>>> print(open('start.txt').read())   # compact mmCIF, C-alpha atoms
# COMPACT_ATOMS: atom_id res chain seq x y z
CA MET V 1 20.46 -70.64 -14.06
CA PRO V 2 21.55 -67.28 -12.57
CA SER V 3 25.03 -67.16 -11.11
CA PRO V 4 25.26 -66.74 -7.32
CA ILE V 5 25.78 -63.23 -6.02
CA PRO V 6 28.85 -63.01 -3.73
CA HIS V 7 27.36 -60.83 -1.02
CA GLY V 8 26.24 -61.53 2.51
CA GLY V 9 25.26 -59.95 5.79
CA ARG V 10 28.57 -58.10 6.14
CA SER V 11 28.41 -56.53 2.67
CA THR V 12 27.69 -52.81 2.57
CA ALA V 13 25.07 -51.28 0.32
CA ASN V 14 27.80 -49.65 -1.75
CA GLN V 15 29.53 -52.99 -2.29
CA VAL V 16 26.31 -54.65 -3.42
CA LEU V 17 25.44 -51.81 -5.80
CA ALA V 18 28.90 -51.54 -7.38
CA GLY V 19 28.43 -51.27 -11.15
CA VAL V 20 24.60 -51.09 -10.99
CA ASP V 21 23.05 -48.17 -12.88
CA LEU V 22 19.84 -47.00 -11.18
CA THR V 23 19.27 -43.98 -13.42
CA ARG V 24 15.54 -43.29 -13.91
CA LYS V 25 14.63 -45.52 -10.95
CA TRP V 26 12.27 -44.07 -8.34
CA ILE V 27 12.60 -45.64 -4.90
CA LEU V 28 10.98 -44.85 -1.56
CA VAL V 29 12.83 -45.45 1.71
CA THR V 30 11.26 -45.07 5.15
CA GLY V 31 13.40 -44.06 8.12
CA CYS V 32 15.82 -42.10 5.94
CA ASP V 33 17.16 -40.34 9.04
CA GLU V 34 17.96 -43.63 10.77
CA GLU V 35 21.26 -45.44 10.32
CA ILE V 36 20.13 -48.24 8.02
CA GLY V 37 17.62 -46.11 6.12
CA PHE V 38 20.13 -43.33 5.53
CA GLU V 39 22.87 -45.64 4.25
CA THR V 40 20.36 -47.36 1.98
CA MET V 41 19.11 -44.05 0.58
CA ASN V 42 22.65 -42.72 0.15
CA ALA V 43 23.83 -45.80 -1.78
CA LEU V 44 20.77 -45.82 -4.04
CA ALA V 45 21.14 -42.13 -4.90
CA ALA V 46 24.89 -42.51 -5.48
CA ASN V 47 24.08 -45.08 -8.16
CA GLY V 48 21.61 -42.84 -9.97
CA ALA V 49 18.24 -43.53 -8.35
CA HIS V 50 15.90 -40.78 -7.25
CA VAL V 51 14.88 -41.53 -3.67
CA PHE V 52 11.95 -40.34 -1.61
CA GLY V 53 13.37 -40.16 1.90
CA LEU V 54 10.68 -40.47 4.56
CA ALA V 55 11.18 -39.50 8.19
CA ARG V 56 9.01 -38.61 11.14
CA SER V 57 9.30 -34.86 10.50
CA LEU V 58 10.07 -32.81 7.42
CA THR V 59 13.07 -31.29 9.21
CA SER V 60 14.57 -34.73 9.90
CA ALA V 61 13.87 -35.90 6.35
CA ARG V 62 15.35 -32.73 4.86
CA ASN V 63 18.50 -32.92 7.00
CA ALA V 64 19.12 -36.49 5.83
CA CYS V 65 18.32 -35.79 2.19
CA ASP V 66 20.50 -32.68 2.12
CA GLN V 67 23.47 -34.90 2.98
CA VAL V 68 22.68 -37.11 -0.01
CA GLY V 69 22.10 -34.40 -2.61
CA PRO V 70 19.56 -33.50 -5.29
CA ARG V 71 18.56 -37.11 -6.00
CA ALA V 72 16.84 -37.33 -2.59
CA THR V 73 13.44 -35.77 -1.93
CA PRO V 74 12.41 -35.33 1.73
CA VAL V 75 8.91 -36.37 2.78
CA ALA V 76 7.39 -36.04 6.25
CA CYS V 77 5.82 -39.33 7.35
CA ASP V 78 5.24 -40.13 11.00
CA LEU V 79 4.40 -43.82 10.85
CA ALA V 80 2.71 -43.60 14.25
CA ASP V 81 0.27 -40.99 12.88
CA LEU V 82 -2.10 -42.34 10.23
CA ASP V 83 -3.01 -38.83 9.07
CA SER V 84 0.68 -38.16 8.44
CA VAL V 85 0.97 -41.47 6.56
CA ALA V 86 -2.01 -40.56 4.38
CA ALA V 87 -0.57 -37.10 3.69
CA ALA V 88 2.79 -38.59 2.67
CA ALA V 89 1.11 -41.07 0.35
CA ALA V 90 -1.02 -38.30 -1.19
CA MET V 91 2.07 -36.13 -1.74
CA ILE V 92 3.88 -38.95 -3.56
CA ARG V 93 0.80 -39.87 -5.59
CA GLY V 94 0.49 -36.23 -6.62
CA LEU V 95 3.88 -36.39 -8.34
CA GLU V 96 2.47 -38.98 -10.78
CA VAL V 97 5.57 -41.17 -10.89
CA SER V 98 5.83 -44.94 -10.84
CA LEU V 99 7.81 -46.49 -8.01
CA ASP V 100 10.45 -49.10 -8.78
CA ALA V 101 10.76 -50.07 -5.13
CA ILE V 102 9.44 -49.36 -1.65
CA ILE V 103 11.89 -50.14 1.15
CA ALA V 104 10.19 -50.25 4.54
CA SER V 105 13.21 -49.93 6.82
CA SER V 106 12.09 -47.55 9.57
CA GLU V 107 11.66 -48.90 13.07
CA ALA V 108 10.61 -47.34 16.33
CA ALA V 109 13.03 -47.72 19.20
CA SER V 110 11.95 -49.67 22.27
CA PRO V 111 10.61 -47.06 24.72
CA PRO V 112 11.13 -48.08 28.37
CA THR V 113 7.56 -47.07 29.26
CA LEU V 114 4.28 -47.83 27.51
CA HIS V 115 3.04 -45.36 24.90
CA THR V 116 -0.16 -45.80 22.91
CA ARG V 117 -2.07 -44.10 20.13
CA TYR V 118 -5.40 -45.15 18.66
CA GLY V 119 -5.47 -47.69 21.48
CA VAL V 120 -2.41 -49.48 20.09
CA GLU V 121 1.08 -49.85 21.60
CA LEU V 122 3.45 -47.47 19.81
CA GLN V 123 5.96 -49.97 18.37
CA PHE V 124 3.24 -52.13 16.84
CA LEU V 125 1.59 -49.01 15.46
CA SER V 126 4.74 -47.49 13.97
CA ASN V 127 6.65 -50.56 12.84
CA TYR V 128 3.74 -52.56 11.48
CA ILE V 129 0.46 -50.64 11.11
CA GLY V 130 2.12 -47.48 9.77
CA HIS V 131 4.07 -49.42 7.14
CA PHE V 132 0.96 -51.46 6.31
CA ALA V 133 -1.03 -48.27 5.70
CA LEU V 134 1.72 -46.58 3.68
CA VAL V 135 2.49 -49.55 1.41
CA ASN V 136 -1.18 -50.29 0.77
CA GLN V 137 -1.84 -46.69 -0.27
CA LEU V 138 1.05 -46.79 -2.76
CA LEU V 139 0.70 -50.34 -4.11
CA ASP V 140 -0.75 -49.29 -7.46
CA LEU V 141 2.25 -47.00 -8.08
CA VAL V 142 4.73 -49.91 -7.95
CA ARG V 143 5.71 -51.03 -11.44
CA SER V 144 4.09 -54.29 -12.45
CA GLY V 145 6.59 -56.88 -13.59
CA THR V 146 9.72 -55.21 -12.23
CA GLY V 147 8.59 -53.53 -8.99
CA ARG V 148 9.93 -54.51 -5.58
CA ILE V 149 8.58 -54.07 -2.06
CA VAL V 150 11.21 -54.69 0.60
CA ILE V 151 9.97 -55.32 4.13
CA VAL V 152 12.79 -55.17 6.67
CA SER V 153 12.20 -57.63 9.50
CA SER V 154 14.64 -59.48 11.73
CA SER V 155 15.97 -62.99 12.09
CA ALA V 156 15.05 -62.82 15.76
CA SER V 157 11.43 -61.84 15.15
CA VAL V 158 10.17 -65.42 15.00
CA MET V 159 12.33 -66.68 17.86
CA GLN V 160 11.69 -63.72 20.17
CA ALA V 161 8.05 -63.03 19.31
CA PRO V 162 5.42 -63.99 21.91
CA PRO V 163 4.60 -67.74 21.89
CA GLU V 164 1.09 -67.02 20.60
CA GLY V 165 2.46 -64.86 17.78
CA ILE V 166 0.47 -61.61 17.78
CA MET V 167 -1.00 -60.75 21.18
CA PHE V 168 -4.38 -59.56 19.93
CA ASP V 169 -5.65 -59.32 23.51
CA ASN V 170 -2.78 -57.00 24.47
CA LEU V 171 -2.28 -54.67 21.51
CA ASP V 172 -2.65 -51.69 23.84
CA GLY V 173 -0.28 -53.13 26.44
CA HIS V 174 -2.94 -53.14 29.18
CA ARG V 175 -2.09 -56.70 30.34
CA PHE V 176 1.65 -56.11 30.43
CA TYR V 177 4.32 -54.15 28.63
CA ASP V 178 7.81 -55.38 27.90
CA PRO V 179 9.68 -53.19 25.38
CA MET V 180 11.54 -55.96 23.58
CA THR V 181 8.61 -58.38 23.48
CA CYS V 182 6.50 -55.68 21.84
CA PHE V 183 9.33 -54.82 19.46
CA TRP V 184 9.74 -58.43 18.29
CA GLN V 185 5.99 -58.75 17.97
CA SER V 186 5.90 -55.76 15.62
CA LYS V 187 8.72 -57.20 13.47
CA PHE V 188 7.01 -60.60 13.41
CA ALA V 189 3.84 -58.88 12.18
CA LEU V 190 5.88 -57.28 9.39
CA ALA V 191 7.22 -60.68 8.32
CA LEU V 192 3.68 -62.08 8.22
CA TYR V 193 2.57 -59.06 6.20
CA ALA V 194 5.34 -59.61 3.67
CA LYS V 195 4.32 -63.25 3.26
CA GLU V 196 0.64 -62.45 2.73
CA LEU V 197 1.38 -59.49 0.46
CA SER V 198 3.56 -61.72 -1.69
CA ARG V 199 0.70 -64.19 -2.08
CA ARG V 200 -1.80 -61.50 -3.01
CA LEU V 201 0.44 -59.73 -5.52
CA ARG V 202 1.75 -62.83 -7.26
CA ARG V 203 -0.54 -62.32 -10.25
CA VAL V 204 0.60 -58.74 -10.90
CA SER V 205 4.29 -59.70 -10.74
CA VAL V 206 5.37 -57.34 -7.98
CA GLN V 207 8.12 -59.05 -5.99
CA ILE V 208 7.86 -58.90 -2.21
CA ILE V 209 11.14 -59.36 -0.33
CA ALA V 210 11.24 -59.84 3.43
CA ARG V 211 14.73 -58.67 4.30
CA ILE V 212 15.83 -60.59 7.37
CA ARG V 213 18.21 -58.23 9.11
CA ASN V 214 20.88 -59.51 11.46
CA ALA V 215 23.35 -57.78 13.71
CA THR V 216 25.95 -57.22 10.99
CA THR V 217 23.64 -54.99 8.96
CA ASN V 218 23.53 -52.49 11.82
CA ASN V 219 27.06 -51.33 10.97
CA ALA V 220 27.39 -47.88 9.46
CA GLY V 221 27.57 -48.18 5.71
CA GLY V 222 25.51 -51.37 5.76
CA GLY V 223 22.06 -50.59 4.47
CA VAL V 224 19.58 -53.21 3.34
CA ILE V 225 20.28 -53.36 -0.39
CA TRP V 226 21.11 -56.44 -2.37
CA ARG V 227 20.84 -56.95 -6.10
CA GLU V 228 17.62 -58.96 -6.11
CA ALA V 229 15.91 -55.96 -4.55
CA ILE V 230 16.81 -53.48 -7.27
CA GLU V 231 17.67 -55.32 -10.49
CA SER V 232 14.80 -56.08 -12.83
>>> encode(input="start.txt", output="structure tokens")
Amino acid sequence: MPSPIPHGGRSTANQVLAGVDLTRKWILVTGCDEEIGFETMNALAANGAHVFGLARSLTSARNACDQVGPRATPVACDLADLDSVAAAAAMIRGLEVSLDAIIASSEAASPPTLHTRYGVELQFLSNYIGHFALVNQLLDLVRSGTGRIVIVSSSASVMQAPPEGIMFDNLDGHRFYDPMTCFWQSKFALALYAKELSRRLRRVSVQIIARIRNATTNNAGGGVIWREAIES
């Protein structure tokens, strides 16, 4: 029986990764220019991993990756633009490397006014549909047996999501728009995606981890890493 790992919500990514050698690991992190994504990418690279850092623009991704060093490769990926998602996936596929982990940590902020694209409210599009499209286009690159897909959701997503779950009759916000309700809906959708993806990939031995983020992981230096997510 494995021994318990003495880390919790207040542990930083660097604390969790202390002593872990990630040399020759290839890991993708979305939202590398955001607080949690950057700290996650930085800690992974510091322990030897090569990280693909994805951000909405190449400039943002490059600025974040330059702070990390040569083990971070910037990739433009606007999760609210499915053409951009497809281009990012094609770029990574073109490198012909296997991925040891995908960490879906990016999240759109809650805009005070309604924004839509493709007839879908922006937070649902970016936080859920964009990640769905990206992960599904890269699934076959994740190592069978040892690969990890980490979906970052929130402990409040179930409690704060709409009573009906996903508001399929209001995905464009035409009935009403409340920024936080739409945000929690998008994170709830991510949690459901992680659960279904885990069921579908059980036979190929790719572990799906729904990281339930709480307030303490928002602290600088936090990140979303814990050993189960990166140790094979």
>>> residues_around(input="start.txt", residues="range 44-52 of chain V", least_positions_apart="4", cutoff="8 Å", atoms="all atoms listed in the file", output="ChimeraX atom specification")
/V:17,20-29,40,68,71-75
>>> closest_residue(input="start.txt", among="V:Val120, V:Leu138, V:Ile149, V:Ile92", to="Met167 in chain V", atoms="all atoms listed in the file")
V:Val120
>>> closest_residue(input="start.txt", among="V:Arg62, V:His131, V:Arg117, V:Arg200", to="Ala89 in chain V", atoms="only C-alpha atoms")
V:His131
>>> closest_residue(input="start.txt", among="V:Phe168, V:Arg203, V:Thr146, V:Ser106", to="Leu190 in chain V", atoms="all atoms listed in the file")
V:Ser106
>>> atom_distance(input="start.txt", atom1="CA of Met91 in chain V", atom2="CA of Tyr128 in chain V")
21.2 Å
>>> closest_residue(input="start.txt", among="V:Glu96, V:Cys32, V:Gly165, V:Arg175", to="Asp66 in chain V", atoms="all atoms listed in the file")
V:Cys32
>>> closest_residue(input="start.txt", among="V:His115, V:Arg143, V:His174, V:Arg56", to="Val97 in chain V", atoms="only C-alpha atoms")
V:Arg143
>>> atom_distance(input="start.txt", atom1="CA of Ala76 in chain V", atom2="CA of Val142 in chain V")
20.0 Å
>>> atom_distance(input="start.txt", atom1="CA of Ile102 in chain V", atom2="CA of Val135 in chain V")
7.6 Å
